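Participant: Before anything else, here's the structure in question.
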Amino acid sequence: MGPLVPIAKYLEIPQSLAEVFTGLIILLILFNYKYKLIPVIEDIERQSFGTFFYCFSLLILIFVFWDKHDSALFAGVFVMTFGDGFAGLIGKGFKSFSWNIFNQKKSLLGTSVMFITSFIVLILVGNNGGFGLNINYLIIALLATILEQISIAGIDNFSVPIITSITFHLLISN
């Protein structure tokens with residue numbers, strides 16, 4: 001859903017319609033948790049509510065930032081979409097030193113990818129928003145990476161976009 005947010009903004013979809021659409025997706029996800037109609041949505045080895053948390057965080061971000069701070073909205077959405085997404089793919093796809101935090105396996109490669117991708121995403125979002133280079137991108141990327149480390153039952157899919165957007169707003173676009 002992450003890339004749909006800037007597309008909807010570009011198409012000038014009203015905030016209320018974006019909220020309703022996101023709410024419907026949340027209901028579909030909850031329905032899918034119960035009835036497993038589309039099992040690939042939750043095709044992971046552990047109990048997780050990450051898909052629900054991600055959509056719920058998008059609903060909150062749309063409510064808070066939609067017509068006010070596009071860059072803060074995009075920062076949270078894209079750090080989660082690309083940073084966490086690539087970290088999961090690459091971290092599981094290649095062997096590297098790993099550790100467990102709260103029974104969640106984390107790897108050096110996946111964690112590095114999360115940090116680097118988040119940092120690049122933040123620079124691109126900030127530059128596109130007219131904010132230029134800022135040392136705070138490093139701080140926000142580090143914070144998002146730390147939050148991703150403590151991801152019990154997929155809660156990082158809520159905490160990373162929300163905290164990233166808020167800190168981006170406070171440190172960069174405010």
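Labels used: A, B, ... for chains in the order of the structure tokens, numbers from 1 for residues in each chain, and numbers from 1 for ligands as shown.
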Mind the document's chain letters and residue numbers, and return as a ChimeraX atom specification the residues of segment 54-169 of chain A that DSSP labels strand (DSSP E).
Facilitator: /A:98-101,104-107
Participant: Can you pull out every residue within 12 Å of Ile139 of chain A, counting only C-alpha atoms, but drop anything in the same chain fewer than 5 positions away, and send it as an NGL selection string?
Facilitator: :A and (115-116 or 118-119 or 122-123 or 134 or 144-146 or 163-164 or 167-168 or 171-172)
Participant: Those same residues, written as an mmCIF file, in the first residue's frame with N, CA and C atoms?
Facilitator:
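Printed below is part-v8.cif as written:
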```cif
data_model
loop_
_atom_site.group_PDB
_atom_site.id
_atom_site.type_symbol
_atom_site.label_atom_id
_atom_site.label_comp_id
_atom_site.auth_asym_id
_atom_site.auth_seq_id
_atom_site.Cartn_x
_atom_site.Cartn_y
_atom_site.Cartn_z
ATOM 1 N N PHE A 115 18.869 0.428 7.796
ATOM 2 C CA PHE A 115 19.437 1.746 8.085
ATOM 3 C C PHE A 115 19.788 2.504 6.807
ATOM 4 N N ILE A 116 20.513 1.860 5.911
ATOM 5 C CA ILE A 116 20.973 2.535 4.684
ATOM 6 C C ILE A 116 19.792 2.931 3.804
ATOM 7 N N SER A 118 16.659 3.388 4.725
ATOM 8 C CA SER A 118 15.909 4.451 5.413
ATOM 9 C C SER A 118 16.595 5.799 5.231
ATOM 10 N N PHE A 119 17.909 5.808 5.386
ATOM 11 C CA PHE A 119 18.675 7.051 5.225
ATOM 12 C C PHE A 119 18.509 7.611 3.806
ATOM 13 N N LEU A 122 14.955 8.950 3.308
ATOM 14 C CA LEU A 122 14.770 10.232 3.992
ATOM 15 C C LEU A 122 15.435 11.377 3.235
ATOM 16 N N ILE A 123 16.609 11.142 2.698
ATOM 17 C CA ILE A 123 17.283 12.167 1.887
ATOM 18 C C ILE A 123 16.437 12.501 0.658
ATOM 19 N N ASN A 134 20.459 17.187 5.613
ATOM 20 C CA ASN A 134 20.310 17.502 7.029
ATOM 21 C C ASN A 134 20.849 16.320 7.825
ATOM 22 N N ALA A 144 14.508 4.645 13.348
ATOM 23 C CA ALA A 144 13.666 3.669 12.646
ATOM 24 C C ALA A 144 14.285 2.277 12.707
ATOM 25 N N THR A 145 15.598 2.200 12.580
ATOM 26 C CA THR A 145 16.294 0.910 12.629
ATOM 27 C C THR A 145 16.205 0.299 14.020
ATOM 28 N N ILE A 146 16.347 1.107 15.038
ATOM 29 C CA ILE A 146 16.208 0.607 16.421
ATOM 30 C C ILE A 146 14.784 0.110 16.656
ATOM 31 N N ILE A 163 6.572 6.943 14.206
ATOM 32 C CA ILE A 163 7.693 7.670 14.819
ATOM 33 C C ILE A 163 8.555 8.341 13.752
ATOM 34 N N THR A 164 8.749 7.683 12.619
ATOM 35 C CA THR A 164 9.521 8.293 11.534
ATOM 36 C C THR A 164 8.837 9.569 11.049
ATOM 37 N N THR A 167 9.070 12.330 13.837
ATOM 38 C CA THR A 167 10.422 12.898 13.997
ATOM 39 C C THR A 167 10.842 13.662 12.743
ATOM 40 N N PHE A 168 10.436 13.190 11.569
ATOM 41 C CA PHE A 168 10.719 13.941 10.346
ATOM 42 C C PHE A 168 10.054 15.310 10.430
ATOM 43 N N LEU A 171 11.974 17.387 13.232
ATOM 44 C CA LEU A 171 13.384 17.691 13.001
ATOM 45 C C LEU A 171 13.690 18.275 11.612
ATOM 46 N N ILE A 172 12.845 18.007 10.652
ATOM 47 C CA ILE A 172 13.150 18.426 9.277
ATOM 48 C C ILE A 172 12.164 19.468 8.758
#
```
Participant: For atom CA of Ile38 of chain A and atom CA of Pro6 of chain A, quote the distance in Å rounded to one decimal.
Facilitator: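 Interatomic distance, atom CA of Ile38 of chain A to atom CA of Pro6 of chain A: 25.8 Å.
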Participant: Which residues, written as number ranges by chain, have at least one atom at most 9 Å from segment 87-103 of chain A, with only C-alpha atoms counted and residues fewer than 2 positions away on the same chain left out?
Facilitator: A: 82-85, 105-115, 117, 149-152
Participant: Nearest to Met1 of chain A among A:Leu58, A:Phe53, A:Tyr35, A:Ser16, with distances taken over only C-alpha atoms: which residue is it?
Facilitator: A:Leu58
